[in-house]
Amino acid sequence: MSIIRKITSRRLFWPFVGFFAIIVFNIFFTPNFLEISLNNDGMLYGYLVDIFNRAAPLIILATGMTFVIATGGIDISVGSLCAISAAVACYMMGGDFNGVLRYPFWLALLSAILVCTALGLFNGFLVTKLDIPPVVATLILLTAGRGIAQLITSGQIITVYYKPYYYIGTNFPGIVFPTAFLVALVFVVIVFLFIKNTSLQLFIEASGVNRKASMFSGIKSSNITWLIYGFSGLCAGISGILLSSMIRAADANNAGLNYELDAILAVALGGNSLIGGKFSLMGSVLGALTIQALTTTMYAKDVSPAVLPVVKAIVVIIICTFQSETFRTILKKAFSRDTSLATKRMKRTRNLAFAGALVILIFFVVISVNPRLNPTFSVPERVMLDFEEAINVRDFDKLKSLYHENYVEEVNDYVDLIAVKDEKLMEMLSAISDTPAQLKITKTRLTITGDTARVHTNMKLITDDENLANKEYFYEFKFQKSKQAGTWKLVLL
Amino acid sequence: METGATIRGKEEINMENKRRFSLSSPTMPLVITFVLFLALYFGFSFRYTPMLKPQVFYNIFIDNATILILAVGITYVLLIGGIDISVGSVVALVCMATAYLLEFTTLHPVVVMILMLIMGAVFGLVQGTFITYFDMQPFIVTLAGQYFARGMTAVINEETIHISNKVYQSIARFQIKLPGGFISPIGLLSIIVLIISIFVLQYTKFGRNIYAIGGSETSALLMGLPVKRTKLAVYTLSGFLSALAGVTFSIYMLSGYTLHAMGMEMDAIASSVIGGTSLTGGVGYVLGSLFGTTIQGTIKTIISLDGTINSWYTRIIVAALLCVFIVMQSIFTKSKERVKRKEKSKAKTTN
């Protein structure tokens with residue numbers, strides 16, 4: 001009994017159980033889960049390798065986030081910093097088709113990391129020297145970060161064709177392990193040895209628990225916190241490079257998107273308190289692995305990736321609820337054998353909660369079992385028409401005068417703006433339907449977002465053939481505003 | 001001796017001056033923001049002459065109605081010292097759910113709107129429960145809420161759904177005539193929400209409770225104010241207002257899409273902060289969020305009128321403004337503390 005208690009009371013026990021549970025689930029329910037083979041590039045390949053490889057950027061990010069959270073702060077700018085790092089690295093290398101670099105390879109990587117470290121130090125300056133709450137201070141770079149990344153890449157996705165850069169995302173020739181995994185391993189080991197052999201962990205925890213007390217005991221907490229934010233920036237820089245080399249490009253909009261929550265989630269899953277104080281680096285690493293294992297499981301089970309954020313959100317909430325002191329005392333009271341008045345009331349609340357949950361459960365069961373209560377929605381089938389030659393755009397200047405951010409309008413009034421040639425329409429029609437029919441435009445919409453304008457036209461086919469009449473036909477085309485001249489140009493989708 | 005006396009005198013005069021001008025008073029950022037807005041708008045209207053047309057001015061309210069409503073909701077949350085970053089995703093969720101219900105079911109549009117508002121309020125209520133009754137950090141809870149709402153949007157449908165409902169379309173096309181142009185119903189609604197909020201925050205018990213809790217939660221508790229209930233109400237209100245903003249956005253965009261309102265929570269928070277609301281709670285006016293929003297709207301208008309500037313500059317300029325205002329706030333509070341400390345030490349020495 002005491003041995004079990006000893007094991008379960010270990011800090012890393014629950015994080016490990018979480019990770020292990022997902023792995024065990026996969027061993028039983030995912031075919032070939034444990035299989036590892038070599039792919040064409042001589043790299044290890046398989047679900048397990050995939051988990052460790054793809055978790056690498058997150059592990060590095062979570063390392064930085066662990067320290068930041070331990071000092072009682074939070075850094076929500078890391079996702080945006082990843083995007084900046086990717087943008088800087090890819091801009092410095094340049095998108096030359098023959099793999100000719102604009103600047104040396106090492107300089108590109110180094111400057112990406114340095115830029116992110118500098119931005120992290122900027123966060124730290126705001127937090128420590130100006131006493132701005134961490135959420136707010138890092139909010140600035142979260143808002144601006146992707147904008148800055150867009151400016152660096154001038155709004156384009158820079159694809160890099162330089163071979164050694166690929167190796168970071170995959171593996172160096174002759175080494176069977178993925179580079180990202182090795183980088184994460186080396187990084188974590190260095191950081192781990194560093195905090196083991198210095199009193200840094202003590203200093204960080206002290207400033208997280210009580211900043212004033214640690215200051216009085218001679219720890220320069222504000223300087224340590226400042227450095228920690230810089231370190232978090234550095235982690236984001238490395239992780240941004242890993243992420244971008246996996247897709248071999250800098251995508252300012254999507255690189256490291258929502259990574260800040262993943263990093264915080266990894267720290268929380270690792271059994272670390274989100275309020276600060278004591279921390280465990282290995283816990284965070286396990287947390288990051290758990291998240292990636294969950295993601296890989298979902299892909300393996302063909303669950304839509306769209307559901308993933310919902311699952312993550314629920315996991316975060318459950319973990320945080322169990323970490324909350326108040327919730328624990330409520331639980332203790334609700335399930336204790338104490339018969340005092342306060343606990344009696346608590347028990348009544350507990351019973352009510354159970355009853356409520358039961359009612360909701362029955363409600364859902366009834367709805368899902370009874371087909372008549374289950375509302376069926378009729379979604380018309382959509383058919384895309386190929387109108388490549390049928391489009392005749394007459395008046396671009398009018399479009400330009402309409403240009404406005406996030407502008408949406410029905411363009412039925414601007415018939416002269418976009419007209420579809422009648423003959424082409426008839427040709428299309430005869431291709432679709434044998435019986436006499438008529439295509440009727442039900443809706444034309446012009447959507448302008450940023451530098452692109454999109455025209456979307458919906459049509460109905462008026463015919464006796466019910467199969468064809470029930471479908472919704474549409475065509476879509478796009479204008480792009482060129483950067484220098486500010487004129488519109490037609491781009492076919 | 002003499003020189004020392006004069007120096008001390010000068011210091012005292014300086015301090016009195018500071019108090020008279022009261023740079024650190026909560027109205028000051030509001031005034032600065034208002035002046036900044038006027039300067040920005042009329043300064044640039046010499047270069048971009050269409051800005052002198054009344055309609056362009058009205059368009060700022062039409063185009064930013066959603067952000068204004070969100071900013072009002074955020075202001076409540078910031079005033080109690082919390083934060084709510086789920087609002088943008090709730091807007092997207094409401095847009096998607098509205099589009100889905102209108103296009104694929106036969107529910108009446110009014111019923112859909114009411115359902116959406118209830119959904120938003122319940123969403124806020126659940127978040128508020130976690131934050132107030134389980135003492136969880138508002139940032140973490142609302143971040144999870146943001147993920148949840150955005151995920152649910154994609155679960156409903158990953159493609160764009162256009163709203164072809166006649167009621168929604170007629171609301172979107174409706175124009176309320178004003179001298180020199182028109183304003184849309186959603187623009188008007190956002191201003192009504194603002195006016196009601198000004199009233200609630202300045203002249204009701206609830207509003208005063210909010211300021212008290214934001215100033216110091218412990219003292220509010222010791223004064224016997226209903227701290228937990230008020231906090232819960234504020235988060236519920238924020239959820240409700242973000243659903244309302246979602247309804248206006250669905251009317252404005254006439255479609256539902258997973259990536260709608262991406263980062264809009266940041267725009268709303270920025271509007272509120274630029275408008276002088278302190279992120280540490282207790283300080284600020286809801287009117288400020290109006291000027292914060294119009295400043296952002298003006299920047300967008302300038303960028304779209306110019307046509308050659310990258311639209312990403314909007315975010316960067318807003319972030320820079322945000323940075324300036326946050327730093328200003330922190331310097332103000334620091335100088336305030338310093339003045340207080342000086343007064344205290346002076347009181348000690350005189351005693």
# chains A, B, ... in the order shown; residues from 1 in each chain; ligands from 1
call {"tool": "closest_atom_pairs", "arguments": {"of": "chain B", "to": "chain A", "cutoff": "8 Å", "atoms": "only C-alpha atoms", "output": "tab-separated table"}}
result
residue	atom	partner	partner_atom	distance
B:Phe104	CA	A:Phe377	CA	5.4
B:Thr105	CA	A:Phe377	CA	6.3
B:Phe130	CA	A:Thr321	CA	7.7
B:Tyr133	CA	A:Thr326	CA	7.5
B:Phe134	CA	A:Thr326	CA	5.4
B:Asp135	CA	A:Ser324	CA	6.6
B:Met136	CA	A:Ser324	CA	6.6
B:Phe139	CA	A:Val135	CA	7.8
B:Val141	CA	A:Ile317	CA	6.8
B:Leu143	CA	A:Leu261	CA	7.2
B:Ala144	CA	A:Ala313	CA	4.5
B:Gly145	CA	A:Ala313	CA	6.7
B:Tyr147	CA	A:Pro309	CA	5.3
B:Phe148	CA	A:Val310	CA	4.5
B:Ala149	CA	A:Val310	CA	7.6
B:Arg150	CA	A:Pro309	CA	7.5
B:Gly151	CA	A:Val310	CA	5.1
B:Met152	CA	A:Val310	CA	6.6
B:Ala154	CA	A:Ala306	CA	5.4
B:Val155	CA	A:Ala306	CA	6.0
B:Glu158	CA	A:Ala306	CA	7.9
B:Tyr252	CA	A:Val408	CA	7.7
B:Met253	CA	A:Val408	CA	6.1
B:Leu254	CA	A:Val408	CA	8.0
B:Gly263	CA	A:Thr143	CA	7.8
B:Met266	CA	A:Thr143	CA	6.5
B:Leu279	CA	A:Val136	CA	7.2
B:Thr280	CA	A:Pro133	CA	7.5
B:Lys300	CA	A:Glu405	CA	7.4
B:Thr301	CA	A:His404	CA	7.9
B:Ser304	CA	A:His404	CA	5.8
B:Gly307	CA	A:Gly486	CA	6.2
B:Thr308	CA	A:Gly486	CA	5.6
B:Ser311	CA	A:Gly450	CA	6.0
B:Trp312	CA	A:Gly147	CA	5.2
B:Tyr313	CA	A:Gly147	CA	6.8
B:Arg315	CA	A:Ala144	CA	5.8
B:Ile316	CA	A:Ala144	CA	4.9
B:Val318	CA	A:Ala144	CA	7.9
B:Ala319	CA	A:Ala144	CA	5.4
B:Ala320	CA	A:Ile140	CA	7.7
B:Leu322	CA	A:Ile140	CA	6.8
B:Cys323	CA	A:Ile140	CA	6.3
B:Ile326	CA	A:Ile132	CA	7.6
B:Val327	CA	A:Leu130	CA	7.0
B:Ser330	CA	A:Leu130	CA	6.2
B:Ile331	CA	A:Leu130	CA	7.3
call {"tool": "write_last_selection", "arguments": {"atoms": "N, CA and C atoms", "output": "short mmCIF file (atom, residue, chain, number, x, y, z; two decimals), in the first residue's frame"}}
result
data_model
loop_
_atom_site.label_atom_id
_atom_site.label_comp_id
_atom_site.auth_asym_id
_atom_site.auth_seq_id
_atom_site.Cartn_x
_atom_site.Cartn_y
_atom_site.Cartn_z
N PHE B 104 -30.26 25.60 -43.38
CA PHE B 104 -30.60 24.18 -43.44
C PHE B 104 -31.77 23.78 -42.54
N THR B 105 -32.35 24.73 -41.82
CA THR B 105 -33.56 24.41 -41.06
C THR B 105 -34.60 25.48 -41.38
N PHE B 130 -16.40 28.85 -13.85
CA PHE B 130 -15.06 28.30 -13.65
C PHE B 130 -14.15 29.34 -13.00
N TYR B 133 -16.06 30.58 -9.22
CA TYR B 133 -16.32 29.59 -8.18
C TYR B 133 -15.21 28.58 -8.01
N PHE B 134 -14.37 28.39 -9.05
CA PHE B 134 -13.25 27.46 -8.90
C PHE B 134 -11.92 28.19 -8.86
N ASP B 135 -11.97 29.54 -8.80
CA ASP B 135 -10.75 30.34 -8.70
C ASP B 135 -9.73 30.02 -9.77
N MET B 136 -10.19 29.81 -11.00
CA MET B 136 -9.23 29.56 -12.08
C MET B 136 -8.88 30.88 -12.74
N PHE B 139 -7.59 34.08 -17.80
CA PHE B 139 -6.92 33.94 -19.08
C PHE B 139 -6.96 32.51 -19.59
N VAL B 141 -9.01 30.04 -18.68
CA VAL B 141 -10.38 29.57 -18.94
C VAL B 141 -10.88 30.11 -20.27
N LEU B 143 -9.09 31.21 -22.72
CA LEU B 143 -8.30 30.66 -23.83
C LEU B 143 -8.86 29.31 -24.24
N ALA B 144 -9.19 28.50 -23.25
CA ALA B 144 -9.83 27.22 -23.55
C ALA B 144 -11.17 27.46 -24.24
N GLY B 145 -11.90 28.48 -23.76
CA GLY B 145 -13.19 28.83 -24.37
C GLY B 145 -13.01 29.23 -25.83
N TYR B 147 -10.64 28.21 -27.88
CA TYR B 147 -10.40 26.99 -28.64
C TYR B 147 -11.70 26.23 -28.85
N PHE B 148 -12.48 26.14 -27.78
CA PHE B 148 -13.71 25.37 -27.84
C PHE B 148 -14.64 25.96 -28.90
N ALA B 149 -14.84 27.29 -28.83
CA ALA B 149 -15.77 27.93 -29.75
C ALA B 149 -15.28 27.81 -31.19
N ARG B 150 -13.97 28.05 -31.39
CA ARG B 150 -13.43 27.97 -32.76
C ARG B 150 -13.54 26.55 -33.28
N GLY B 151 -13.27 25.58 -32.40
CA GLY B 151 -13.37 24.18 -32.80
C GLY B 151 -14.80 23.80 -33.16
N MET B 152 -15.76 24.26 -32.33
CA MET B 152 -17.15 23.94 -32.60
C MET B 152 -17.60 24.53 -33.93
N ALA B 154 -15.81 24.82 -36.59
CA ALA B 154 -15.36 23.90 -37.63
C ALA B 154 -16.14 22.59 -37.58
N VAL B 155 -16.59 22.21 -36.39
CA VAL B 155 -17.36 20.97 -36.28
C VAL B 155 -18.70 21.13 -37.00
N GLU B 158 -17.01 23.10 -42.13
CA GLU B 158 -15.70 23.66 -42.41
C GLU B 158 -15.71 24.58 -43.62
N TYR B 252 -23.56 41.56 -41.09
CA TYR B 252 -22.59 42.33 -41.87
C TYR B 252 -21.94 41.47 -42.96
N MET B 253 -21.52 40.26 -42.57
CA MET B 253 -20.83 39.39 -43.53
C MET B 253 -21.80 38.54 -44.34
N LEU B 254 -22.98 38.29 -43.81
CA LEU B 254 -23.99 37.42 -44.44
C LEU B 254 -23.41 36.05 -44.79
N GLY B 263 -8.72 36.80 -34.50
CA GLY B 263 -8.00 37.86 -33.79
C GLY B 263 -8.82 39.07 -33.43
N MET B 266 -8.42 40.52 -29.94
CA MET B 266 -7.29 41.43 -29.74
C MET B 266 -7.68 42.85 -30.15
N LEU B 279 -5.71 47.64 -17.66
CA LEU B 279 -5.79 46.18 -17.72
C LEU B 279 -5.67 45.56 -16.34
N THR B 280 -5.36 46.38 -15.34
CA THR B 280 -5.29 45.82 -14.00
C THR B 280 -6.61 46.00 -13.26
N LYS B 300 -7.85 51.91 -40.57
CA LYS B 300 -8.27 51.01 -41.66
C LYS B 300 -8.73 51.83 -42.86
N THR B 301 -9.50 52.90 -42.60
CA THR B 301 -10.00 53.73 -43.69
C THR B 301 -8.85 54.35 -44.46
N SER B 304 -7.20 51.76 -46.58
CA SER B 304 -7.97 51.35 -47.76
C SER B 304 -8.07 52.48 -48.77
N GLY B 307 -4.60 52.52 -50.59
CA GLY B 307 -4.64 51.43 -51.57
C GLY B 307 -3.30 50.76 -51.81
N THR B 308 -2.19 51.44 -51.49
CA THR B 308 -0.89 50.80 -51.73
C THR B 308 -0.27 50.26 -50.45
N SER B 311 -2.23 45.89 -45.86
CA SER B 311 -3.29 45.96 -44.85
C SER B 311 -2.81 45.44 -43.50
N TRP B 312 -1.66 44.74 -43.50
CA TRP B 312 -1.15 44.24 -42.23
C TRP B 312 -0.65 45.35 -41.33
N TYR B 313 -0.42 46.55 -41.91
CA TYR B 313 0.03 47.67 -41.08
C TYR B 313 -1.00 48.03 -40.02
N ARG B 315 -2.71 46.11 -38.03
CA ARG B 315 -2.39 45.36 -36.81
C ARG B 315 -1.15 45.93 -36.13
N ILE B 316 -0.14 46.25 -36.95
CA ILE B 316 1.12 46.69 -36.36
C ILE B 316 0.95 48.06 -35.71
N VAL B 318 -1.85 49.31 -34.59
CA VAL B 318 -2.69 49.12 -33.41
C VAL B 318 -1.85 48.58 -32.25
N ALA B 319 -0.97 47.61 -32.57
CA ALA B 319 -0.13 47.05 -31.51
C ALA B 319 0.80 48.11 -30.94
N ALA B 320 1.33 48.98 -31.83
CA ALA B 320 2.22 50.04 -31.36
C ALA B 320 1.46 50.99 -30.44
N LEU B 322 -1.18 50.28 -28.76
CA LEU B 322 -1.47 49.50 -27.55
C LEU B 322 -0.28 49.57 -26.61
N CYS B 323 0.90 49.36 -27.19
CA CYS B 323 2.14 49.37 -26.41
C CYS B 323 2.28 50.73 -25.72
N ILE B 326 -0.29 51.17 -22.92
CA ILE B 326 -0.03 50.31 -21.76
C ILE B 326 1.15 50.85 -20.95
N VAL B 327 2.20 51.27 -21.69
CA VAL B 327 3.37 51.81 -21.00
C VAL B 327 2.99 53.09 -20.27
N SER B 330 1.22 52.31 -17.11
CA SER B 330 2.09 51.79 -16.04
C SER B 330 2.90 52.93 -15.45
N ILE B 331 3.34 53.88 -16.32
CA ILE B 331 4.10 55.02 -15.80
C ILE B 331 3.21 55.88 -14.90
#
call {"tool": "residues_around", "arguments": {"residues": "segment 26-29 of chain A", "least_positions_apart": "2", "cutoff": "12 Å", "atoms": "only C-alpha atoms", "output": "PyMOL selection string"}}
result
chain A and resi 19-24+31-35+47-48+51+293-301
call {"tool": "residues_around", "arguments": {"residues": "Thr159 of chain A", "least_positions_apart": "2", "cutoff": "7 Å", "atoms": "only C-alpha atoms", "output": "short mmCIF file (atom, residue, chain, number, x, y, z; two decimals) with N, CA and C atoms, in the first residue's frame"}}
result
data_model
loop_
_atom_site.label_atom_id
_atom_site.label_comp_id
_atom_site.auth_asym_id
_atom_site.auth_seq_id
_atom_site.Cartn_x
_atom_site.Cartn_y
_atom_site.Cartn_z
N GLY A 95 13.87 32.68 -51.60
CA GLY A 95 13.13 31.62 -52.26
C GLY A 95 13.67 31.29 -53.64
N ILE A 157 4.14 33.56 -49.20
CA ILE A 157 4.68 32.39 -48.53
C ILE A 157 6.00 32.08 -49.21
N TYR A 161 14.33 26.39 -51.31
CA TYR A 161 14.73 25.20 -52.06
C TYR A 161 16.16 24.79 -51.74
N ARG A 248 9.00 23.45 -45.23
CA ARG A 248 9.98 24.04 -46.15
C ARG A 248 9.57 25.43 -46.62
N ALA A 249 8.84 26.14 -45.77
CA ALA A 249 8.40 27.47 -46.18
C ALA A 249 8.05 28.29 -44.95
N ALA A 250 7.96 29.60 -45.15
CA ALA A 250 7.50 30.48 -44.08
C ALA A 250 6.08 30.91 -44.39
#
call {"tool": "select_by_dssp", "arguments": {"residues": "segment 116-274 of chain A", "states": "helix (DSSP H, G or I)", "output": "VMD selection string"}}
result
chain A and resid 116 to 128 134 to 152 163 to 169 179 to 197 200 to 209 211 to 216 221 to 247 259 to 269
call {"tool": "select_by_dssp", "arguments": {"residues": "segment 47-196 of chain B", "states": "strand (DSSP E)", "output": "VMD selection string"}}
result
chain B and resid 161 to 162 176 to 178 181 to 183
call {"tool": "closest_residue", "arguments": {"among": "B:Ile60, B:Ala270, B:Ala245, B:Val286", "to": "Leu117 of chain B", "atoms": "only C-alpha atoms"}}
result
B:Ala245
call {"tool": "closest_residue", "arguments": {"among": "A:Ile60, A:Ile318, A:Gly174, A:Met346", "to": "Leu331 of chain A", "atoms": "only C-alpha atoms"}}
result
A:Met346
call {"tool": "residues_around", "arguments": {"residues": "Gly181 of chain B", "least_positions_apart": "2", "cutoff": "7 Å", "atoms": "only C-alpha atoms", "output": "list of chain:residue names"}}
result
B:Pro54, B:Gln55, B:Lys177, B:Leu178, B:Pro179
call {"tool": "residues_around", "arguments": {"residues": "Ala172 of chain B", "least_positions_apart": "5", "cutoff": "12 Å", "atoms": "only C-alpha atoms", "output": "ChimeraX atom specification"}}
result
/A:408-410 /B:62-63,163-167,183-187,247-255
call {"tool": "write_last_selection", "arguments": {"atoms": "N, CA and C atoms", "output": "PDB file, in the first residue's frame"}}
result
ATOM      1  N   VAL A 408     -18.298  43.115 -48.084  1.00  0.00           N
ATOM      2  CA  VAL A 408     -19.127  42.081 -48.701  1.00  0.00           C
ATOM      3  C   VAL A 408     -20.372  42.739 -49.238  1.00  0.00           C
ATOM      4  N   GLU A 409     -20.697  42.455 -50.448  1.00  0.00           N
ATOM      5  CA  GLU A 409     -21.927  43.050 -50.971  1.00  0.00           C
ATOM      6  C   GLU A 409     -22.538  42.157 -52.033  1.00  0.00           C
ATOM      7  N   GLU A 410     -23.829  42.199 -52.088  1.00  0.00           N
ATOM      8  CA  GLU A 410     -24.513  41.563 -53.204  1.00  0.00           C
ATOM      9  C   GLU A 410     -24.209  42.407 -54.426  1.00  0.00           C
TER      10      GLU A 410
ATOM     11  N   ILE B  62     -20.358  51.739 -39.234  1.00  0.00           N
ATOM     12  CA  ILE B  62     -20.984  50.565 -39.849  1.00  0.00           C
ATOM     13  C   ILE B  62     -20.007  49.394 -39.862  1.00  0.00           C
ATOM     14  N   ASP B  63     -18.759  49.671 -40.279  1.00  0.00           N
ATOM     15  CA  ASP B  63     -17.785  48.594 -40.444  1.00  0.00           C
ATOM     16  C   ASP B  63     -17.265  48.060 -39.111  1.00  0.00           C
ATOM     17  N   ILE B 163     -25.536  33.237 -46.134  1.00  0.00           N
ATOM     18  CA  ILE B 163     -26.882  33.404 -45.609  1.00  0.00           C
ATOM     19  C   ILE B 163     -27.734  34.038 -46.706  1.00  0.00           C
ATOM     20  N   SER B 164     -28.748  33.318 -47.124  1.00  0.00           N
ATOM     21  CA  SER B 164     -29.609  33.881 -48.157  1.00  0.00           C
ATOM     22  C   SER B 164     -30.980  34.223 -47.594  1.00  0.00           C
ATOM     23  N   ASN B 165     -31.082  34.210 -46.269  1.00  0.00           N
ATOM     24  CA  ASN B 165     -32.362  34.503 -45.632  1.00  0.00           C
ATOM     25  C   ASN B 165     -32.794  35.936 -45.934  1.00  0.00           C
ATOM     26  N   LYS B 166     -34.107  36.080 -46.255  1.00  0.00           N
ATOM     27  CA  LYS B 166     -34.593  37.403 -46.702  1.00  0.00           C
ATOM     28  C   LYS B 166     -34.534  38.430 -45.578  1.00  0.00           C
ATOM     29  N   VAL B 167     -34.898  37.990 -44.355  1.00  0.00           N
ATOM     30  CA  VAL B 167     -34.920  38.934 -43.231  1.00  0.00           C
ATOM     31  C   VAL B 167     -33.513  39.489 -42.989  1.00  0.00           C
ATOM     32  N   ILE B 183     -26.648  55.281 -41.991  1.00  0.00           N
ATOM     33  CA  ILE B 183     -25.981  54.337 -41.103  1.00  0.00           C
ATOM     34  C   ILE B 183     -26.814  53.064 -41.104  1.00  0.00           C
ATOM     35  N   SER B 184     -26.153  51.925 -40.902  1.00  0.00           N
ATOM     36  CA  SER B 184     -26.890  50.660 -40.958  1.00  0.00           C
ATOM     37  C   SER B 184     -27.462  50.352 -39.573  1.00  0.00           C
ATOM     38  N   PRO B 185     -28.474  49.472 -39.517  1.00  0.00           N
ATOM     39  CA  PRO B 185     -29.059  49.125 -38.212  1.00  0.00           C
ATOM     40  C   PRO B 185     -28.027  48.603 -37.221  1.00  0.00           C
ATOM     41  N   ILE B 186     -27.025  47.846 -37.714  1.00  0.00           N
ATOM     42  CA  ILE B 186     -26.052  47.289 -36.774  1.00  0.00           C
ATOM     43  C   ILE B 186     -25.178  48.390 -36.183  1.00  0.00           C
ATOM     44  N   GLY B 187     -24.894  49.412 -36.994  1.00  0.00           N
ATOM     45  CA  GLY B 187     -24.132  50.555 -36.492  1.00  0.00           C
ATOM     46  C   GLY B 187     -24.890  51.248 -35.377  1.00  0.00           C
ATOM     47  N   VAL B 247     -24.138  38.260 -33.865  1.00  0.00           N
ATOM     48  CA  VAL B 247     -25.345  38.461 -34.682  1.00  0.00           C
ATOM     49  C   VAL B 247     -25.127  39.623 -35.651  1.00  0.00           C
ATOM     50  N   THR B 248     -24.535  40.729 -35.139  1.00  0.00           N
ATOM     51  CA  THR B 248     -24.290  41.856 -36.034  1.00  0.00           C
ATOM     52  C   THR B 248     -23.290  41.479 -37.126  1.00  0.00           C
ATOM     53  N   PHE B 249     -22.297  40.669 -36.740  1.00  0.00           N
ATOM     54  CA  PHE B 249     -21.286  40.278 -37.728  1.00  0.00           C
ATOM     55  C   PHE B 249     -21.889  39.370 -38.792  1.00  0.00           C
ATOM     56  N   SER B 250     -22.835  38.497 -38.367  1.00  0.00           N
ATOM     57  CA  SER B 250     -23.463  37.624 -39.362  1.00  0.00           C
ATOM     58  C   SER B 250     -24.321  38.447 -40.319  1.00  0.00           C
ATOM     59  N   ILE B 251     -24.885  39.545 -39.815  1.00  0.00           N
ATOM     60  CA  ILE B 251     -25.652  40.419 -40.700  1.00  0.00           C
ATOM     61  C   ILE B 251     -24.701  41.166 -41.635  1.00  0.00           C
ATOM     62  N   TYR B 252     -23.557  41.558 -41.093  1.00  0.00           N
ATOM     63  CA  TYR B 252     -22.586  42.330 -41.871  1.00  0.00           C
ATOM     64  C   TYR B 252     -21.936  41.473 -42.960  1.00  0.00           C
ATOM     65  N   MET B 253     -21.524  40.263 -42.573  1.00  0.00           N
ATOM     66  CA  MET B 253     -20.831  39.392 -43.529  1.00  0.00           C
ATOM     67  C   MET B 253     -21.798  38.535 -44.339  1.00  0.00           C
ATOM     68  N   LEU B 254     -22.982  38.291 -43.814  1.00  0.00           N
ATOM     69  CA  LEU B 254     -23.987  37.418 -44.442  1.00  0.00           C
ATOM     70  C   LEU B 254     -23.407  36.050 -44.787  1.00  0.00           C
ATOM     71  N   SER B 255     -22.562  35.548 -43.890  1.00  0.00           N
ATOM     72  CA  SER B 255     -22.023  34.207 -44.107  1.00  0.00           C
ATOM     73  C   SER B 255     -21.426  33.686 -42.800  1.00  0.00           C
TER      74      SER B 255
END
call {"tool": "residues_around", "arguments": {"residues": "Leu221 of chain B", "least_positions_apart": "5", "cutoff": "12 Å", "atoms": "only C-alpha atoms", "output": "list in words"}}
result
Asn209, Ile210, Ala212, Ile213, Gly214, Gly215, Ser216, Pro226, Val227, Lys228, Arg229, Thr230 and Lys231 of chain B
call {"tool": "closest_atom_pairs", "arguments": {"of": "segment 240-339 of chain B", "to": "segment 83-89 of chain B", "cutoff": "8 Å", "atoms": "only C-alpha atoms", "output": "Markdown table"}}
result
| residue | atom | partner | partner_atom | distance |
| --- | --- | --- | --- | --- |
| B:Ser242 | CA | B:Val87 | CA | 5.4 |
| B:Ala261 | CA | B:Gly88 | CA | 5.5 |
| B:Met262 | CA | B:Gly88 | CA | 6.5 |
| B:Gly263 | CA | B:Gly88 | CA | 6.4 |
| B:Met264 | CA | B:Gly88 | CA | 4.9 |
| B:Glu265 | CA | B:Gly88 | CA | 4.7 |
| B:Met266 | CA | B:Ile85 | CA | 7.5 |
call {"tool": "write_last_selection", "arguments": {"atoms": "N, CA and C atoms", "output": "compact mmCIF listing (two decimals), in the first residue's frame"}}
result
# COMPACT_ATOMS: atom_id res chain seq x y z
N SER B 242 -20.84 39.29 -26.72
CA SER B 242 -20.09 38.75 -27.86
C SER B 242 -21.04 38.00 -28.79
N ALA B 261 -13.67 36.54 -38.02
CA ALA B 261 -13.36 37.21 -36.75
C ALA B 261 -12.09 36.67 -36.11
N MET B 262 -11.11 36.28 -36.93
CA MET B 262 -9.81 35.81 -36.43
C MET B 262 -9.12 36.99 -35.73
N GLY B 263 -8.72 36.80 -34.50
CA GLY B 263 -8.00 37.86 -33.79
C GLY B 263 -8.82 39.07 -33.43
N MET B 264 -10.14 38.94 -33.54
CA MET B 264 -10.98 40.10 -33.24
C MET B 264 -10.97 40.43 -31.75
N GLU B 265 -10.71 39.40 -30.90
CA GLU B 265 -10.64 39.67 -29.46
C GLU B 265 -9.51 40.65 -29.17
N MET B 266 -8.42 40.52 -29.94
CA MET B 266 -7.29 41.43 -29.74
C MET B 266 -7.68 42.85 -30.15
call {"tool": "closest_residue", "arguments": {"among": "B:Val31, B:Leu52, B:Ile171, B:Ile302", "to": "Val110 of chain B", "atoms": "only C-alpha atoms"}}
result
B:Ile171
